[in-house]
Amino acid sequence: MSEDRVQKILARAGVASRRKAEEIIQEGRVTVNGRVITLGDKADPEHDAIKVDGKRLEPRTDFHYLLLHKPTGVMSTRHDPEGRPTVLDLVPPKFRKALVPVGRLDYQTEGLLLLTDDGDFAHRIAHPRFGCTKTYEAKVKDVPAPGEIARLLERGEVIEGRRVVPVRIEAKRAPGPREGKNSWWTVELAEGRTRQIREMFFRMGHPVQRLRRVAIGPLRDPDLPAGSVRELTEHEVSMLRRAAGKRKSRPKRKPGGEGRSAAAVERPVPAGGSGRGAGGSGKARKGGKGGAKRPGNPPGRRPPKGRSAKSTKKGRTR
C-alpha cells in the first residue's frame with residue numbers, strides 16, 4: 001500500500017471522521033514510528049507504526065454501512081442535549097458503537113440517511129467536492145412561476161453567507177384534489193446547506209409544507225418504511241464509491257458572469273452583499289408572500305463608510 005495522509009488513514013480505520021482526525025493530529029496525539037506528526041504528514045499503514053494515544057492502529061475491513069429512512073421528529077445526530085430522539089435510537093444496538101450519520105437532515109425533514117463507521121467513505125459521500133448529489137421531493141405552497149424557478153437555477157440564493165445553486169428543479173406533479181393549491185417539486189443539490197431548500201422556496205413566497213430526501217447519488221429505496229434501517233449490499237457500497245470517486249474542481253466563471261453552469265455549487269459573498277434580492281436578512285423578496293422576518297437570520301452588515309465591501313484593510317480585493 002502506498003503512502004497517504006495520516007488523517008485519511010485514521011478516518012478509513014474508523015478512528016474518527018476526517019475532520020475529527022485532523023483535530024487529533026493537531027493535538028499531538030498521533031505518532032508515526034515514534035515521532036509526533038503534524039497535519040499533512042503521510043504514512044504507509046502496512047509498513048509504518050501509527051499510534052493514537054499510544055495505541056497501535058490496526059487496519060479495519062469490517063465496516064458497517066446502513067441505510068435509514070429517517071422519519072420527521074428525529075435528530076440526525078448521535079446525541080441530543082434536549083433529549084429528543086436521534087437516528088441512533090432507530091439502529092440495532094449491535095451497530096451503534098461507532099456509527100455516524102453521513103450528513104444531516106433537518107428535524108422536520110424525512111427520507112434516506114446513511115450511517116457508517118467508515119470515516120473516509122462518509123467524508124466522500126457528504127462533501128460536495130466529490131460530486132455525490134442528493135435528491136429531494138418538496139411539497140410547497142401554491143405553484144411557483146416558471147420565471148422564479150429559472151431565476152433560482154441561474155442565480156441561486158445566499159445561504160449562510162455563500163451563494164448556492166441547485167443542480168436541478170423540476171415539477172413532480174400538478175396539484176391534485178388532496179394537495180389543493182400546493183405543488184410537488186424534485187430538487188437535486190450538490191451541496192446541502194442548513195435548511196437550504198426551505199429557504200429557497202420561502203424567499204420565493206412558497207413555503208415548504210413537506211420535505212423528504214429520496215436519493216443519495218444513485219441510491220434509492222422507495223420501499224423502505226419510515227423508521228426502518230437496513231444494511232447496504234456490496235453492490236450499493238461500490239455504486240456509492242463510484243458516485244463519489246472523483247474530486248471536482250470549482251467551476252471557473254468567465255468575465256461578466258457568462259458561461260456559468262447551473263450545477264455550480266457555491267461562491268463566497270461579501271459580508272454586506274447578498275446577490276440580487278436574496279438578502280442576508282432572511283426576508284422574502286419584494287412582492288413575495290410570507291415576508292415575515294425569521295429568528296436566527298440576522299441582517300447583513302453594511303460596509304464602513306468610505307470603504308468598498310470588496311476591499312480589506314490592506315486595500316486588497318477579496
# chains A, B, ... in the order shown; residues from 1 in each chain; ligands from 1

$ residues_around --residues "Leu211 (chain A)" --least-positions-apart "4" --cutoff "9 Å" --atoms "only C-alpha atoms" --output "list in words"
Gln108, Thr109, Glu110, Gly111, Tyr136, Glu137, Ala138, Lys139, Val140, Ile197 and Arg198 of chain A

$ write_last_selection --atoms "C-alpha atoms" --output "PDB file, in the first residue's frame"
ATOM      1  CA  GLN A 108     -38.823  18.023  10.323  1.00  0.00           C
ATOM      2  CA  THR A 109     -37.339  16.512   7.145  1.00  0.00           C
ATOM      3  CA  GLU A 110     -37.734  12.809   6.384  1.00  0.00           C
ATOM      4  CA  GLY A 111     -36.023  10.459   3.987  1.00  0.00           C
ATOM      5  CA  TYR A 136     -35.362  15.651  -2.544  1.00  0.00           C
ATOM      6  CA  GLU A 137     -39.084  15.966  -3.080  1.00  0.00           C
ATOM      7  CA  ALA A 138     -40.678  19.124  -1.710  1.00  0.00           C
ATOM      8  CA  LYS A 139     -44.334  19.973  -1.321  1.00  0.00           C
ATOM      9  CA  VAL A 140     -44.698  23.759  -1.381  1.00  0.00           C
ATOM     10  CA  ILE A 197     -34.461  24.021   0.216  1.00  0.00           C
ATOM     11  CA  ARG A 198     -36.826  25.517   2.780  1.00  0.00           C
TER      12      ARG A 198
END

$ residues_around --residues "Ile24 (chain A)" --least-positions-apart "4" --cutoff "12 Å" --atoms "only C-alpha atoms" --output "PyMOL selection string"
chain A and resi 6-7+10-11+15-20+28-31+36-39+51-53

$ write_last_selection --atoms "N, CA and C atoms" --output "PDB file, in the first residue's frame"
ATOM      1  N   VAL A   6      -2.140  10.990   6.916  1.00  0.00           N
ATOM      2  CA  VAL A   6      -2.491  10.229   8.119  1.00  0.00           C
ATOM      3  C   VAL A   6      -3.942  10.441   8.511  1.00  0.00           C
ATOM      4  N   GLN A   7      -4.493  11.645   8.320  1.00  0.00           N
ATOM      5  CA  GLN A   7      -5.891  11.865   8.689  1.00  0.00           C
ATOM      6  C   GLN A   7      -6.828  10.980   7.871  1.00  0.00           C
ATOM      7  N   LEU A  10      -6.576   7.447   9.384  1.00  0.00           N
ATOM      8  CA  LEU A  10      -7.347   7.350  10.624  1.00  0.00           C
ATOM      9  C   LEU A  10      -8.843   7.259  10.336  1.00  0.00           C
ATOM     10  N   ALA A  11      -9.301   8.037   9.351  1.00  0.00           N
ATOM     11  CA  ALA A  11     -10.721   8.009   9.008  1.00  0.00           C
ATOM     12  C   ALA A  11     -11.118   6.656   8.438  1.00  0.00           C
ATOM     13  N   VAL A  15     -11.279   5.460  13.247  1.00  0.00           N
ATOM     14  CA  VAL A  15     -10.895   6.144  14.486  1.00  0.00           C
ATOM     15  C   VAL A  15     -11.772   7.361  14.713  1.00  0.00           C
ATOM     16  N   ALA A  16     -12.019   8.112  13.663  1.00  0.00           N
ATOM     17  CA  ALA A  16     -12.828   9.334  13.743  1.00  0.00           C
ATOM     18  C   ALA A  16     -13.150   9.784  12.333  1.00  0.00           C
ATOM     19  N   SER A  17     -14.003  10.790  12.223  1.00  0.00           N
ATOM     20  CA  SER A  17     -14.267  11.382  10.921  1.00  0.00           C
ATOM     21  C   SER A  17     -13.006  12.095  10.452  1.00  0.00           C
ATOM     22  N   ARG A  18     -12.965  12.458   9.172  1.00  0.00           N
ATOM     23  CA  ARG A  18     -11.774  13.124   8.644  1.00  0.00           C
ATOM     24  C   ARG A  18     -11.480  14.416   9.418  1.00  0.00           C
ATOM     25  N   ARG A  19     -12.504  15.207   9.678  1.00  0.00           N
ATOM     26  CA  ARG A  19     -12.299  16.475  10.381  1.00  0.00           C
ATOM     27  C   ARG A  19     -11.818  16.244  11.809  1.00  0.00           C
ATOM     28  N   LYS A  20     -12.435  15.283  12.501  1.00  0.00           N
ATOM     29  CA  LYS A  20     -12.021  14.983  13.872  1.00  0.00           C
ATOM     30  C   LYS A  20     -10.608  14.419  13.897  1.00  0.00           C
ATOM     31  N   GLY A  28      -1.457  16.689  18.818  1.00  0.00           N
ATOM     32  CA  GLY A  28      -0.219  15.971  19.094  1.00  0.00           C
ATOM     33  C   GLY A  28      -0.412  14.575  19.653  1.00  0.00           C
ATOM     34  N   ARG A  29      -1.547  13.959  19.340  1.00  0.00           N
ATOM     35  CA  ARG A  29      -1.870  12.645  19.904  1.00  0.00           C
ATOM     36  C   ARG A  29      -1.504  11.490  18.977  1.00  0.00           C
ATOM     37  N   VAL A  30      -0.954  11.812  17.785  1.00  0.00           N
ATOM     38  CA  VAL A  30      -0.659  10.777  16.795  1.00  0.00           C
ATOM     39  C   VAL A  30       0.854  10.718  16.539  1.00  0.00           C
ATOM     40  N   THR A  31       1.389   9.508  16.546  1.00  0.00           N
ATOM     41  CA  THR A  31       2.806   9.315  16.214  1.00  0.00           C
ATOM     42  C   THR A  31       2.943   8.315  15.073  1.00  0.00           C
ATOM     43  N   VAL A  36       6.022  12.330  16.766  1.00  0.00           N
ATOM     44  CA  VAL A  36       4.755  13.054  16.732  1.00  0.00           C
ATOM     45  C   VAL A  36       4.640  13.767  15.391  1.00  0.00           C
ATOM     46  N   ILE A  37       3.542  13.552  14.709  1.00  0.00           N
ATOM     47  CA  ILE A  37       3.379  14.106  13.370  1.00  0.00           C
ATOM     48  C   ILE A  37       2.600  15.407  13.396  1.00  0.00           C
ATOM     49  N   THR A  38       2.607  16.104  12.279  1.00  0.00           N
ATOM     50  CA  THR A  38       1.816  17.314  12.096  1.00  0.00           C
ATOM     51  C   THR A  38       0.830  17.084  10.958  1.00  0.00           C
ATOM     52  N   LEU A  39      -0.145  17.945  10.878  1.00  0.00           N
ATOM     53  CA  LEU A  39      -1.186  17.804   9.866  1.00  0.00           C
ATOM     54  C   LEU A  39      -0.577  17.861   8.467  1.00  0.00           C
ATOM     55  N   LYS A  51       0.300   5.254  15.757  1.00  0.00           N
ATOM     56  CA  LYS A  51      -0.320   5.123  17.070  1.00  0.00           C
ATOM     57  C   LYS A  51      -1.137   6.372  17.394  1.00  0.00           C
ATOM     58  N   VAL A  52      -2.292   6.128  18.037  1.00  0.00           N
ATOM     59  CA  VAL A  52      -3.150   7.211  18.526  1.00  0.00           C
ATOM     60  C   VAL A  52      -3.254   7.049  20.036  1.00  0.00           C
ATOM     61  N   ASP A  53      -2.805   8.065  20.760  1.00  0.00           N
ATOM     62  CA  ASP A  53      -2.760   7.995  22.229  1.00  0.00           C
ATOM     63  C   ASP A  53      -1.988   6.767  22.697  1.00  0.00           C
TER      64      ASP A  53
END

$ residues_around --residues "region 228-232 of chain A" --least-positions-apart "2" --cutoff "10 Å" --atoms "only C-alpha atoms" --output "list in words"
His64, Tyr65, Leu66, Leu67, Leu68, His69, Lys70, Pro71, Val87, Leu90, Val91, Pro92, Leu112, Leu113, Leu114, Leu115, Thr116, Leu219, Leu224, Pro225, Ala226, Glu234, His235, Glu236, Val237 and Ser238 of chain A

$ select_by_dssp --residues "region 119-186 of chain A" --states "strand (DSSP E)" --output "PyMOL selection string"
chain A and resi 134-140+157-159+162-164+168-173+183-186

$ atom_distance --atom1 "CA of His206 (chain A)" --atom2 "CA of Asn182 (chain A)"
9.0 Å

$ residues_around --residues "Arg5 (chain A)" --least-positions-apart "6" --cutoff "9 Å" --atoms "only C-alpha atoms" --output "mmCIF file with N, CA and C atoms, in the first residue's frame"
data_model
loop_
_atom_site.group_PDB
_atom_site.id
_atom_site.type_symbol
_atom_site.label_atom_id
_atom_site.label_comp_id
_atom_site.auth_asym_id
_atom_site.auth_seq_id
_atom_site.Cartn_x
_atom_site.Cartn_y
_atom_site.Cartn_z
ATOM 1 N N LEU A 39 -0.145 17.945 10.878
ATOM 2 C CA LEU A 39 -1.186 17.804 9.866
ATOM 3 C C LEU A 39 -0.577 17.861 8.467
ATOM 4 N N GLY A 40 -0.929 16.877 7.637
ATOM 5 C CA GLY A 40 -0.401 16.807 6.279
ATOM 6 C C GLY A 40 0.667 15.749 6.094
ATOM 7 N N ASP A 41 1.217 15.228 7.209
ATOM 8 C CA ASP A 41 2.228 14.168 7.103
ATOM 9 C C ASP A 41 1.603 12.897 6.536
ATOM 10 N N LYS A 42 2.420 12.109 5.845
ATOM 11 C CA LYS A 42 1.936 10.885 5.222
ATOM 12 C C LYS A 42 2.559 9.659 5.886
ATOM 13 N N ALA A 43 1.912 8.512 5.681
ATOM 14 C CA ALA A 43 2.423 7.247 6.221
ATOM 15 C C ALA A 43 1.869 6.100 5.399
ATOM 16 N N ASP A 44 2.488 4.934 5.555
ATOM 17 C CA ASP A 44 2.021 3.712 4.919
ATOM 18 C C ASP A 44 1.555 2.776 6.032
#

$ residues_around --residues "region 123-129 of chain A" --least-positions-apart "2" --cutoff "12 Å" --atoms "only C-alpha atoms" --output "PyMOL selection string"
chain A and resi 7-8+11-12+14+16-21+100-105+113-121+131-134+164+167+189-193+216-219+237-251+263-266

$ residues_around --residues "Trp184 (chain A)" --least-positions-apart "6" --cutoff "12 Å" --atoms "only C-alpha atoms" --output "PyMOL selection string"
chain A and resi 136-144+169-176+178+201+206-212

$ select_by_dssp --residues "region 202-254 of chain A" --states "helix (DSSP H, G or I)" --output "list of chain:residue names"
A:Phe202, A:Arg203, A:Glu234, A:His235, A:Glu236, A:Val237, A:Ser238, A:Met239, A:Leu240, A:Arg241, A:Arg242, A:Ala243

$ write_last_selection --atoms "N, CA and C atoms" --output "PDB file, in the first residue's frame"
ATOM      1  N   PHE A 202     -39.035  29.572   0.491  1.00  0.00           N
ATOM      2  CA  PHE A 202     -39.597  30.610   1.356  1.00  0.00           C
ATOM      3  C   PHE A 202     -39.369  31.993   0.753  1.00  0.00           C
ATOM      4  N   ARG A 203     -38.158  32.197   0.235  1.00  0.00           N
ATOM      5  CA  ARG A 203     -37.831  33.505  -0.319  1.00  0.00           C
ATOM      6  C   ARG A 203     -38.578  33.788  -1.617  1.00  0.00           C
ATOM      7  N   GLU A 234     -23.056  -5.024  -0.979  1.00  0.00           N
ATOM      8  CA  GLU A 234     -21.733  -4.697  -1.502  1.00  0.00           C
ATOM      9  C   GLU A 234     -21.847  -3.902  -2.802  1.00  0.00           C
ATOM     10  N   HIS A 235     -22.817  -4.256  -3.614  1.00  0.00           N
ATOM     11  CA  HIS A 235     -23.019  -3.536  -4.878  1.00  0.00           C
ATOM     12  C   HIS A 235     -23.391  -2.080  -4.607  1.00  0.00           C
ATOM     13  N   GLU A 236     -24.246  -1.831  -3.626  1.00  0.00           N
ATOM     14  CA  GLU A 236     -24.662  -0.462  -3.318  1.00  0.00           C
ATOM     15  C   GLU A 236     -23.493   0.360  -2.778  1.00  0.00           C
ATOM     16  N   VAL A 237     -22.646  -0.257  -1.944  1.00  0.00           N
ATOM     17  CA  VAL A 237     -21.477   0.455  -1.419  1.00  0.00           C
ATOM     18  C   VAL A 237     -20.537   0.820  -2.571  1.00  0.00           C
ATOM     19  N   SER A 238     -20.296  -0.123  -3.467  1.00  0.00           N
ATOM     20  CA  SER A 238     -19.432   0.132  -4.627  1.00  0.00           C
ATOM     21  C   SER A 238     -20.021   1.215  -5.526  1.00  0.00           C
ATOM     22  N   MET A 239     -21.336   1.185  -5.691  1.00  0.00           N
ATOM     23  CA  MET A 239     -22.020   2.173  -6.527  1.00  0.00           C
ATOM     24  C   MET A 239     -21.849   3.584  -5.949  1.00  0.00           C
ATOM     25  N   LEU A 240     -21.965   3.699  -4.633  1.00  0.00           N
ATOM     26  CA  LEU A 240     -21.792   4.994  -3.975  1.00  0.00           C
ATOM     27  C   LEU A 240     -20.339   5.456  -4.051  1.00  0.00           C
ATOM     28  N   ARG A 241     -19.403   4.518  -3.907  1.00  0.00           N
ATOM     29  CA  ARG A 241     -17.987   4.883  -4.021  1.00  0.00           C
ATOM     30  C   ARG A 241     -17.685   5.445  -5.412  1.00  0.00           C
ATOM     31  N   ARG A 242     -18.264   4.835  -6.434  1.00  0.00           N
ATOM     32  CA  ARG A 242     -18.045   5.328  -7.791  1.00  0.00           C
ATOM     33  C   ARG A 242     -18.661   6.713  -7.971  1.00  0.00           C
ATOM     34  N   ALA A 243     -19.838   6.920  -7.372  1.00  0.00           N
ATOM     35  CA  ALA A 243     -20.520   8.206  -7.499  1.00  0.00           C
ATOM     36  C   ALA A 243     -19.735   9.330  -6.832  1.00  0.00           C
TER      37      ALA A 243
END

$ closest_residue --among "A:Asn33, A:Gln26, A:Thr72, A:Gln196" --to "Arg162 (chain A)" --atoms "only C-alpha atoms"
A:Gln196
